[in-house]
Amino acid sequence: RLDLRGHKVRTLSAGGLNLTANLEFVYLRDNLLSTLEGVEILSRVKVLDLSFNDFKGPGFEPLGNCKALQQLYLAGNQITSLASLPQFPNLEFLSVAQNKLKSLAMASQPRLQVLAASKNKISTLKGFPHLPVLEHLRLEENPILKMPHLEAASILLVGPTLKKFNDRDLSREEVVLAKRYPKVAALCIRDGWEFCRSDHAADSTFRFLLEQWKDQFPPGYLLKEASVDRPFEEDVCRCHFTFVQDSTLTVDQQLGLKYQWFVGERTPSNFTMIPDATEEVYLPKNEEIVSPGCKIPKVVSLEVHGELVEGNVIRGHAKVAWCGGIPGKGVASWLRRKWNSSPTVIPGAEEEEYQLTLDDIDTSLVFMYTPVTEEGAKGEPQYKYTDFIKAAFPSVNNVQIIGEVVEGNTIKGVGDYFGGREGPSMFEWLRENIDNRDFVLVSRGTSEYTLTKEDVGRRLNFVYIPINFEGQEGESVSVLSSKVKRVHIYDSNSLTDDFVCSPPKVAQVKIIGDLRENSKITVTGYVTGGTEASSRVQWFKTSSPILDGENGLEALSASKTAKALRIPLGAVGYHIVAKYIPMTPDGESGQPAYVVSERAVENLPPSLNFLSITGEYMEGGILTASYGYIGGHEGKSIYKWYLHEAESDSGALVAEVSGRLQYCISKDAIGKFISFQCTPVRDDGVIGEPRLCMGQERTRPGSPKLLSLQIVGDAVEGNLLSVDKRYWGGEEGDSIFRWFRTSPDGTPYEIRGATSSSYMPSFDEIGCFISVSCEPVRADWARGPIVLSEQIGPVAPGPPTCHSLEFVGSLIEGQCLSVAVSYSGGERGQCVFEWFRLRGNGAKEKLSTEDFLDLTLADVGTCIELVYTPVRIDGMKGDPSGLLSDIVGPADPVGMELLIPDCCENEEVVPNKSYFGGMQGLGEYIWFRVKDKLHEPELLDIVNIHEGVIECGRALTYTPSIADVGEYLALYWLPTRADGKCGNPLVAISTSPVSPALPAVSNVCIKKLSSSIYSGEGDYFGGHEGLSLYSWYREDAEGTINIINGANSKTYEVSDSDYNCRLLFGYMPVRSDSVVGELRLSERTDIIFPEDLKVEMLALTGKAIERDVLTAVEVIPENETQQHLWSTYKKDVKYQWFCSSAVDQDLFEPLTTQRSCSYKVRFEDIGRCLRCECIVTDIFGRSTEPAYAETAPVLPGSPKIDRLEIEGRGFHTNLYAVRGIYSGGKEGKSKIQWLRSMVGSPDLISIQGETGRMDDGVEGQPVSASTDPIAVEPDVLKEVKQKLDLGSVKFEVLCDKDRNPKKVPGEGNLERRILEINRKRVKVVKPGSKTSFPTTEIRGSYAPPFHVELFRSDQHSLRIVVDSEHEVDLMVQSRHLRDIVVLVIRGLAQRFNSTSLNSLLKIET
């Protein structure tokens, strides 16, 4: 430490200064130094105070050797530039206040936290240095403070580390404002850009950069856009550079862009080039991110590398933006797409690499890739199509000869063909010539060859010539066989060279070496039939020393020729097994031999192969120990940290960090050495030798700083306040305290003499805020950054008190009464003044709360009382005090002011006057009408002037009439007090003549003069009326009002357009001087309607006879008006028909459903009269009076049947009925005649019946109806067809032997019979019994008159008539069976009879 403050030192090179390299704290302020020569010796200095010397700068280069410098004080010199100030790697505080600096351009200071540059001549931020951790910037009393929003510009330059500006916290508004500027603004400010408004900054900075870059642009091009996307972690960040051609130049060459990405600090500064980032798109790395990614990966680009030829390996390469997720293994797959078809998945092709196969030729491959993070987040899959795959040039590999090369065997040449689809490849066999070693062709075209005795002792050459499907020939490949051998029966005396040898063998296999962890062992053996160098060895481990083949073996290595093995940790506790495979040099292998170690592999004792400590040996730093362990599986090793006063002592254990690999250096370790001891422990509990690593240097104290600072105590005047702080950074020395008070307007002031750790507020601090600053000082005088506490307060005063009260002023009306107060008790606040008026009856009235009172008329004759309550500025109230006055007296009567406002016709004129002097009495008022305006001398004597002056009123107010229009009004006023005392008179005259009122009209209305003529009227007001304007309006049903063109007189005659509308009359008053008033409209009239429609009479056309149609016809009056109304305004005609009562012909009842003009007379109307009522409605909804027409009693019509039809459909078994509507009076006994006809025949066969007639005997015209052809029921038809096809059938029937025509068919004596029918005849046979034979009762052919009769009354019976003499009545069980019998007979009989088939089936009625 060196402290030479105020010693008038002129040079640092003087011998008496005793500057040494060990000095850390040097204080040389208040001297005469002008150069820094000699300061370079201070290589370990931490605090250097050179304030208030004669430095002018530049010349700061000697400070470059002070690498450990943490605080540099250069305030109070004559420095004009900091350009030569070097970069200090540890500088935290720099003061350059009270110099002559114009800018802060200097080298970057990477650890600077406080920069004090107040009281300079700084006017620009150009060249502002890069200060990445700056927290406090002070620029007070500099010209640059005139720059608007300097604080926001500083935030942009420094970045988020800035916490204070000009000794106060950052303004929230300035922080928000700074965020509105583009990020490039900081770069532009450093280059001299003029700071502007945030909404103009984007365009302004872009123009500024264009001006800087313009010399670097390619000729003929202009830059239109330059921007970079917002970067997210490992997401796509794209730059945008848009160049346009200059319209004034012609450029032929195409513009190509090269890219280079840079990364800077958190603020746009200190940019460094990113290697290999030379594309338009860049993926920011984790350490470069500004915003975290979305964790969903994205595929930026997808490429397929490799030649698209069969057999090649192609690789899909995906460039993925992981967007903050942990990169994982994406899902890859390959698809194959043939021409004009959809892609199909290639099974098993799920890696990024894929080898092209034969199936891929002439197809296009699709590489599909889905990025997946380690967390499992999947991105969108992307696809990449390749061109079509080509076939490779034909070739063959792995050509060999299969089979034992022994006489008589068949060998085969094989090879792996490659190169598209294989075509007719060529094969050749050549035999070796022993004499000249040439090869002679012995076979071609086949890949097989049978060895003969000529081949014994010779070698064969197999040649494979590959040819693809298109006939393209590849390079041939050949292979030589071994010599062909002859097979001999084994004889030791006749073993020759061509004998087939046995495979190689190995014996005496054993393992050599130390069976311990990490030791090297080898295997040896004696090989016969092969070589040891060619033999292969594979190592295993097993838990048992007894081998069972390869069961229970776990491989430790692959099979290889090396015979040695380094025993891994995983083999500890296991036996080692070596598998020895003997082999010949040509690759022939023999039976493998196994050998197992006699004992299991043992562990090494636990030990450490290295031990180290990393980290900074400074208070608060974190030291990390690392080591390498060997000796089996590590258990819970023992870690201990020690503190040493000297490197040689044993040290003291730091118990709280035992068992940890990291140690955060505490205050106790300052000045001591730190060591770490590790005792290795194996997982089985075996403990190895401990090992100790000693730290490289003694622990240094941290830079002094305060972790917290606050004031303890109540902020009350006279109360003692103390400081509560937490210090960090070595042993604390005499820290420096300064107390401040802050006035309510925010201005801070230092309290002189308050430099201790406690302070007692005085009267002057009442209402102020108190704060304290502390500059931490270490015991070795090292200083830390000054910390300012939070303010407390405001300081509270004592209780407020009023000592005396006294009125100030005269107690006369009009005077101002105030009060003199003697106050104490802190700063006076808004004290409460309460003024009261005390009347003689004791009533008390509150007047005011101001600190004064203006006495008014109401106060005359009363006393005034003041109640004063002292209030401190913080709102605390004291005890109130009171004061009572004498009686207040009145003032003399005075007319203060008299003015006549602008006068207008019919508007009451109220003069503006003010009176003063006690209670006002009844003054005298006289109004005059003056033709010419009078001035001051004549005006005061207006009462005595008679010419041109007319008195027009004697009241306070006056209302001008039309007679006053164009004249001036004057008012004479004599002010008088209530007690009769008068003052001086006042006379005023209007500034302008009385103006007429604005023209207006009232009571606008419409009067109806006749059915079609209306008149508009209204009362005019406002001067003399001129040519007022009249208008008429029409309002339709929807409420729309339209002016009627041409209607501009007071009277109006309605037209067709006015019907169903309302009329309005408009009156726009016009004064004689052409001033136009406001248009006024009358009330709406009733809806205008034309004359009602009229019906002269109602006539009926038609006859009152049943079924006739009566029509009602209206007869319209013949006058022109009615004819026009009917043709124009008729809407509809409503009719109602009535029928007279059956009892009374004069009583009519309405027919509710008959509402048309026509009526068809019904059967019910016969004998009754009909009436038609007609009501006509116009389009306006009005209806006429009903018109009536009546008929005579209705007569019946001739009988008639309408809509006759036969009901019933289907087959012959169905029932048919006839339906029809009868009309023609009361129906009598109508006749019904049924007829039948055959299909295709016009003949109708009558069925007896009658036609209808009236009950009075009148007959009508007959009508008819017919059915569709009647078909036989399907079941019956089916059976009939079957039996007809057979040609001969029998039926079991019953016969009535007691036949009587009078009997009902089916009654009598019924006997069983057999009815036999065939194609020629029909017969009835009585069946035989035990006593008789069968007998034929009737027999006949189908020739006429043969027929069959049916009975309507009995559907089970039929009668067969052969001729007039032979007939029989038969009965069956059902109608179904009867119909079958009859139809079968009819079908078989049809070819013998030309008559209609239906005639064969006669039905008895």
# chains A, B, ... in the order shown; residues from 1 in each chain; ligands from 1
>>> residues_around(residues="Asp1178 of chain A", least_positions_apart="5", cutoff="12 Å", atoms="only C-alpha atoms", output="JSON, numbers by chain")
{"A": [1059, 1060, 1089, 1090, 1091, 1092, 1093, 1094, 1125, 1126, 1127, 1128, 1129, 1130, 1131, 1132, 1133, 1134, 1183, 1184]}
>>> select_by_dssp(residues="segment 103-308 of chain A", states="strand (DSSP E or B)", output="JSON, numbers by chain")
{"A": [114, 115, 116, 136, 137, 138, 164, 165, 168, 169, 221, 222, 223, 224, 225, 226, 227, 228, 232, 237, 238, 239, 240, 241, 242, 243, 244, 245, 262, 263, 272, 273, 281, 282, 291, 298, 299, 300, 301, 302, 303, 304, 305]}
>>> atom_distance(atom1="atom CA of Gly590 of chain A", atom2="atom CA of Asn551 of chain A")
20.3 Å
>>> closest_residue(among="A:Lys56, A:Arg1386, A:Arg837, A:Arg929", to="Thr862 of chain A", atoms="only C-alpha atoms")
A:Arg837
>>> select_by_dssp(residues="segment 148-310 of chain A", states="alpha helix (DSSP H)", output="JSON list (two decimals) with N, CA and C atoms, in the first residue's frame")
[["chain", "number", "residue", "atom", "x", "y", "z"],
["A", 150, "LEU", "N", -31.78, 10.69, -23.59],
["A", 150, "LEU", "CA", -30.41, 10.20, -23.47],
["A", 150, "LEU", "C", -30.36, 8.89, -22.69],
["A", 151, "GLU", "N", -31.23, 8.78, -21.70],
["A", 151, "GLU", "CA", -31.24, 7.56, -20.88],
["A", 151, "GLU", "C", -31.61, 6.34, -21.73],
["A", 152, "ALA", "N", -32.60, 6.50, -22.64],
["A", 152, "ALA", "CA", -32.98, 5.38, -23.51],
["A", 152, "ALA", "C", -31.84, 5.01, -24.45],
["A", 153, "ALA", "N", -31.13, 6.01, -24.97],
["A", 153, "ALA", "CA", -29.99, 5.72, -25.83],
["A", 153, "ALA", "C", -28.89, 4.98, -25.06],
["A", 154, "SER", "N", -28.68, 5.35, -23.79],
["A", 154, "SER", "CA", -27.68, 4.66, -22.99],
["A", 154, "SER", "C", -28.07, 3.22, -22.73],
["A", 155, "ILE", "N", -29.36, 2.98, -22.52],
["A", 155, "ILE", "CA", -29.84, 1.60, -22.33],
["A", 155, "ILE", "C", -29.58, 0.77, -23.57],
["A", 156, "LEU", "N", -29.78, 1.37, -24.75],
["A", 156, "LEU", "CA", -29.51, 0.66, -26.00],
["A", 156, "LEU", "C", -28.03, 0.33, -26.12],
["A", 157, "LEU", "N", -27.16, 1.26, -25.75],
["A", 157, "LEU", "CA", -25.71, 1.06, -25.91],
["A", 157, "LEU", "C", -25.18, 0.03, -24.92],
["A", 158, "VAL", "N", -25.61, 0.11, -23.67],
["A", 158, "VAL", "CA", -25.05, -0.76, -22.64],
["A", 158, "VAL", "C", -25.73, -2.12, -22.63],
["A", 172, "ARG", "N", -38.77, 3.76, -15.72],
["A", 172, "ARG", "CA", -39.54, 2.70, -16.41],
["A", 172, "ARG", "C", -39.95, 3.17, -17.81],
["A", 173, "GLU", "N", -40.29, 4.45, -17.95],
["A", 173, "GLU", "CA", -40.69, 4.95, -19.28],
["A", 173, "GLU", "C", -39.55, 4.87, -20.27],
["A", 174, "GLU", "N", -38.32, 5.17, -19.82],
["A", 174, "GLU", "CA", -37.18, 5.12, -20.73],
["A", 174, "GLU", "C", -36.85, 3.68, -21.11],
["A", 175, "VAL", "N", -37.02, 2.74, -20.16],
["A", 175, "VAL", "CA", -36.78, 1.33, -20.49],
["A", 175, "VAL", "C", -37.77, 0.86, -21.55],
["A", 176, "VAL", "N", -39.05, 1.25, -21.38],
["A", 176, "VAL", "CA", -40.06, 0.86, -22.38],
["A", 176, "VAL", "C", -39.76, 1.51, -23.72],
["A", 177, "LEU", "N", -39.33, 2.79, -23.69],
["A", 177, "LEU", "CA", -39.02, 3.48, -24.94],
["A", 177, "LEU", "C", -37.86, 2.82, -25.66],
["A", 178, "ALA", "N", -36.84, 2.39, -24.92],
["A", 178, "ALA", "CA", -35.68, 1.77, -25.56],
["A", 178, "ALA", "C", -36.05, 0.50, -26.30],
["A", 179, "LYS", "N", -37.05, -0.21, -25.79],
["A", 179, "LYS", "CA", -37.46, -1.47, -26.44],
["A", 179, "LYS", "C", -38.14, -1.21, -27.78],
["A", 185, "ALA", "N", -29.98, -0.01, -33.69],
["A", 185, "ALA", "CA", -29.81, 1.39, -33.27],
["A", 185, "ALA", "C", -28.52, 1.58, -32.47],
["A", 186, "ALA", "N", -28.14, 0.59, -31.64],
["A", 186, "ALA", "CA", -26.91, 0.73, -30.85],
["A", 186, "ALA", "C", -25.69, 0.84, -31.75],
["A", 187, "LEU", "N", -25.62, 0.02, -32.81],
["A", 187, "LEU", "CA", -24.50, 0.13, -33.75],
["A", 187, "LEU", "C", -24.44, 1.50, -34.38],
["A", 188, "CYS", "N", -25.63, 1.99, -34.78],
["A", 188, "CYS", "CA", -25.67, 3.29, -35.46],
["A", 188, "CYS", "C", -25.28, 4.42, -34.51],
["A", 189, "ILE", "N", -25.70, 4.33, -33.23],
["A", 189, "ILE", "CA", -25.33, 5.38, -32.27],
["A", 189, "ILE", "C", -23.81, 5.42, -32.11],
["A", 190, "ARG", "N", -23.16, 4.27, -32.02],
["A", 190, "ARG", "CA", -21.70, 4.23, -31.89],
["A", 190, "ARG", "C", -21.00, 4.83, -33.10],
["A", 198, "SER", "N", -38.70, 7.07, -31.85],
["A", 198, "SER", "CA", -38.73, 5.62, -32.06],
["A", 198, "SER", "C", -39.50, 5.22, -33.30],
["A", 199, "ASP", "N", -40.58, 5.97, -33.64],
["A", 199, "ASP", "CA", -41.38, 5.58, -34.81],
["A", 199, "ASP", "C", -40.67, 5.90, -36.11],
["A", 200, "HIS", "N", -39.61, 6.72, -36.07],
["A", 200, "HIS", "CA", -38.83, 7.02, -37.28],
["A", 200, "HIS", "C", -37.50, 6.28, -37.30],
["A", 201, "ALA", "N", -37.19, 5.56, -36.23],
["A", 201, "ALA", "CA", -35.85, 5.01, -36.07],
["A", 201, "ALA", "C", -35.54, 3.95, -37.12],
["A", 202, "ALA", "N", -36.51, 3.10, -37.48],
["A", 202, "ALA", "CA", -36.25, 2.01, -38.42],
["A", 202, "ALA", "C", -35.78, 2.55, -39.77],
["A", 203, "ASP", "N", -36.52, 3.52, -40.32],
["A", 203, "ASP", "CA", -36.13, 4.10, -41.60],
["A", 203, "ASP", "C", -34.85, 4.91, -41.48],
["A", 204, "SER", "N", -34.71, 5.65, -40.37],
["A", 204, "SER", "CA", -33.55, 6.51, -40.21],
["A", 204, "SER", "C", -32.26, 5.69, -40.10],
["A", 205, "THR", "N", -32.28, 4.63, -39.29],
["A", 205, "THR", "CA", -31.08, 3.80, -39.16],
["A", 205, "THR", "C", -30.74, 3.09, -40.46],
["A", 206, "PHE", "N", -31.76, 2.66, -41.22],
["A", 206, "PHE", "CA", -31.50, 1.99, -42.49],
["A", 206, "PHE", "C", -30.83, 2.96, -43.47],
["A", 207, "ARG", "N", -31.31, 4.19, -43.53],
["A", 207, "ARG", "CA", -30.67, 5.19, -44.40],
["A", 207, "ARG", "C", -29.24, 5.49, -43.95],
["A", 208, "PHE", "N", -29.03, 5.52, -42.64],
["A", 208, "PHE", "CA", -27.70, 5.77, -42.11],
["A", 208, "PHE", "C", -26.74, 4.65, -42.51],
["A", 209, "LEU", "N", -27.19, 3.40, -42.39],
["A", 209, "LEU", "CA", -26.34, 2.28, -42.78],
["A", 209, "LEU", "C", -26.10, 2.26, -44.28],
["A", 210, "LEU", "N", -27.11, 2.60, -45.06],
["A", 210, "LEU", "CA", -26.93, 2.66, -46.52],
["A", 210, "LEU", "C", -25.83, 3.65, -46.88],
["A", 211, "GLU", "N", -25.81, 4.76, -46.19],
["A", 211, "GLU", "CA", -24.79, 5.77, -46.48],
["A", 211, "GLU", "C", -23.39, 5.23, -46.14],
["A", 212, "GLN", "N", -23.30, 4.41, -45.11],
["A", 212, "GLN", "CA", -22.01, 3.82, -44.74],
["A", 212, "GLN", "C", -21.59, 2.72, -45.72],
["A", 213, "TRP", "N", -22.58, 1.98, -46.24],
["A", 213, "TRP", "CA", -22.27, 0.81, -47.07],
["A", 213, "TRP", "C", -22.21, 1.12, -48.56]]
>>> atom_distance(atom1="atom CA of Cys903 of chain A", atom2="atom CA of Gly917 of chain A")
29.2 Å
>>> atom_distance(atom1="atom CA of Cys982 of chain A", atom2="atom CA of Gly923 of chain A")
8.3 Å
>>> residues_around(residues="Lys1323 of chain A", least_positions_apart="2", cutoff="6 Å", atoms="only C-alpha atoms", output="list in words")
Glu1316, Ile1338 and Arg1339 of chain A
>>> closest_residue(among="A:Val994, A:Ala321, A:Val1143, A:Leu857", to="Pro901 of chain A", atoms="only C-alpha atoms")
A:Val994
>>> residues_around(residues="segment 1040-1046 of chain A", least_positions_apart="4", cutoff="10 Å", atoms="only C-alpha atoms", output="short mmCIF file (atom, residue, chain, number, x, y, z; two decimals) with all heavy atoms, in the first residue's frame")
data_model
loop_
_atom_site.label_atom_id
_atom_site.label_comp_id
_atom_site.auth_asym_id
_atom_site.auth_seq_id
_atom_site.Cartn_x
_atom_site.Cartn_y
_atom_site.Cartn_z
N SER A 1031 -94.56 25.99 -49.21
CA SER A 1031 -94.34 24.70 -49.88
C SER A 1031 -95.29 23.68 -49.30
O SER A 1031 -95.78 23.82 -48.17
CB SER A 1031 -92.89 24.23 -49.69
OG SER A 1031 -92.56 24.16 -48.32
N TRP A 1032 -95.59 22.67 -50.13
CA TRP A 1032 -96.48 21.59 -49.72
C TRP A 1032 -95.72 20.27 -49.82
O TRP A 1032 -94.93 20.08 -50.74
CB TRP A 1032 -97.74 21.55 -50.60
CG TRP A 1032 -98.65 22.72 -50.35
CD1 TRP A 1032 -98.56 23.96 -50.88
CD2 TRP A 1032 -99.76 22.74 -49.47
NE1 TRP A 1032 -99.54 24.79 -50.42
CE2 TRP A 1032 -100.31 24.06 -49.54
CE3 TRP A 1032 -100.38 21.81 -48.63
CZ2 TRP A 1032 -101.43 24.45 -48.80
CZ3 TRP A 1032 -101.49 22.20 -47.90
CH2 TRP A 1032 -102.00 23.49 -47.99
N TYR A 1033 -96.00 19.36 -48.88
CA TYR A 1033 -95.31 18.09 -48.81
C TYR A 1033 -96.32 16.95 -48.74
O TYR A 1033 -97.43 17.12 -48.23
CB TYR A 1033 -94.38 18.02 -47.58
CG TYR A 1033 -93.30 19.08 -47.58
CD1 TYR A 1033 -93.57 20.34 -47.07
CD2 TYR A 1033 -92.04 18.81 -48.09
CE1 TYR A 1033 -92.59 21.33 -47.08
CE2 TYR A 1033 -91.05 19.78 -48.09
CZ TYR A 1033 -91.33 21.04 -47.59
OH TYR A 1033 -90.37 22.00 -47.58
N ARG A 1034 -95.90 15.83 -49.26
CA ARG A 1034 -96.73 14.64 -49.27
C ARG A 1034 -96.00 13.55 -48.47
O ARG A 1034 -94.84 13.25 -48.73
CB ARG A 1034 -96.95 14.16 -50.70
CG ARG A 1034 -97.85 12.93 -50.82
CD ARG A 1034 -97.88 12.42 -52.26
NE ARG A 1034 -98.39 13.41 -53.20
CZ ARG A 1034 -97.67 13.92 -54.20
NH1 ARG A 1034 -96.45 13.51 -54.42
NH2 ARG A 1034 -98.19 14.82 -55.01
N GLU A 1035 -96.67 12.95 -47.47
CA GLU A 1035 -96.10 11.87 -46.66
C GLU A 1035 -96.82 10.57 -47.01
O GLU A 1035 -98.03 10.46 -46.86
CB GLU A 1035 -96.26 12.17 -45.17
CG GLU A 1035 -95.63 11.09 -44.28
CD GLU A 1035 -95.89 11.32 -42.81
OE1 GLU A 1035 -97.08 11.35 -42.42
OE2 GLU A 1035 -94.93 11.47 -42.06
N ASP A 1036 -96.05 9.58 -47.48
CA ASP A 1036 -96.68 8.32 -47.89
C ASP A 1036 -96.87 7.42 -46.66
O ASP A 1036 -96.56 7.79 -45.52
CB ASP A 1036 -95.84 7.61 -48.95
CG ASP A 1036 -94.43 7.35 -48.49
OD1 ASP A 1036 -94.19 7.34 -47.27
OD2 ASP A 1036 -93.54 7.18 -49.36
N SER A 1057 -102.06 11.55 -56.96
CA SER A 1057 -100.82 11.18 -56.25
C SER A 1057 -100.95 11.38 -54.76
O SER A 1057 -100.14 10.84 -53.99
CB SER A 1057 -99.64 12.00 -56.78
OG SER A 1057 -99.48 11.82 -58.15
N ASP A 1058 -101.94 12.18 -54.33
CA ASP A 1058 -102.07 12.48 -52.91
C ASP A 1058 -102.92 11.47 -52.17
O ASP A 1058 -102.98 11.49 -50.94
CB ASP A 1058 -102.66 13.88 -52.71
CG ASP A 1058 -101.81 14.94 -53.38
OD1 ASP A 1058 -100.58 14.84 -53.28
OD2 ASP A 1058 -102.38 15.86 -54.00
N CYS A 1061 -102.21 9.38 -48.83
CA CYS A 1061 -101.08 10.11 -48.23
C CYS A 1061 -101.62 11.20 -47.33
O CYS A 1061 -102.82 11.49 -47.30
CB CYS A 1061 -100.17 10.71 -49.31
SG CYS A 1061 -99.40 9.47 -50.38
N ARG A 1062 -100.67 11.82 -46.60
CA ARG A 1062 -101.01 12.97 -45.76
C ARG A 1062 -100.31 14.19 -46.33
O ARG A 1062 -99.24 14.07 -46.93
CB ARG A 1062 -100.57 12.74 -44.31
CG ARG A 1062 -101.19 11.50 -43.66
CD ARG A 1062 -100.62 11.30 -42.25
NE ARG A 1062 -101.05 10.04 -41.67
CZ ARG A 1062 -102.14 9.91 -40.89
NH1 ARG A 1062 -102.89 10.99 -40.62
NH2 ARG A 1062 -102.47 8.73 -40.39
N LEU A 1063 -100.90 15.37 -46.09
CA LEU A 1063 -100.33 16.62 -46.59
C LEU A 1063 -99.72 17.41 -45.44
O LEU A 1063 -100.22 17.36 -44.31
CB LEU A 1063 -101.40 17.47 -47.29
CG LEU A 1063 -102.01 16.88 -48.57
CD1 LEU A 1063 -103.05 17.83 -49.12
CD2 LEU A 1063 -100.94 16.61 -49.62
N LEU A 1064 -98.60 18.11 -45.74
CA LEU A 1064 -97.98 19.03 -44.80
C LEU A 1064 -97.75 20.34 -45.51
O LEU A 1064 -97.40 20.37 -46.71
CB LEU A 1064 -96.64 18.49 -44.28
CG LEU A 1064 -96.67 17.24 -43.41
CD1 LEU A 1064 -96.56 16.00 -44.28
CD2 LEU A 1064 -95.52 17.27 -42.41
N PHE A 1065 -97.93 21.44 -44.75
CA PHE A 1065 -97.74 22.78 -45.30
C PHE A 1065 -96.47 23.37 -44.70
O PHE A 1065 -96.29 23.37 -43.48
CB PHE A 1065 -98.95 23.66 -44.98
CG PHE A 1065 -98.76 25.10 -45.37
CD1 PHE A 1065 -98.59 25.47 -46.70
CD2 PHE A 1065 -98.73 26.10 -44.41
CE1 PHE A 1065 -98.41 26.80 -47.05
CE2 PHE A 1065 -98.56 27.42 -44.76
CZ PHE A 1065 -98.39 27.78 -46.09
N GLY A 1066 -95.55 23.84 -45.57
CA GLY A 1066 -94.32 24.44 -45.12
C GLY A 1066 -94.33 25.94 -45.27
O GLY A 1066 -94.70 26.47 -46.32
#
>>> closest_residue(among="A:Ile812, A:Val910, A:Leu986, A:Leu1315", to="Glu897 of chain A", atoms="only C-alpha atoms")
A:Leu986
>>> closest_residue(among="A:Val1258, A:Val1054, A:Leu515, A:Leu308", to="Leu604 of chain A", atoms="only C-alpha atoms")
A:Leu515
>>> residues_around(residues="Gln109 of chain A", least_positions_apart="2", cutoff="12 Å", atoms="only C-alpha atoms", output="PyMOL selection string")
chain A and resi 67+69-70+85-94+105-107+111-115+128-134+158+270
>>> residues_around(residues="Ser81 of chain A", least_positions_apart="3", cutoff="10 Å", atoms="only C-alpha atoms", output="list in words")
Lys56, Gly57, Pro58, Gly59, Gln78, Ser84, Leu85, Asn99, Lys100, Leu101, Lys102, Ser103, Leu104, Ala105 and Met106 of chain A
>>> residues_around(residues="Tyr968 of chain A", least_positions_apart="2", cutoff="10 Å", atoms="only C-alpha atoms", output="PyMOL selection string")
chain A and resi 902-903+928-934+949+964-966+970+989-995
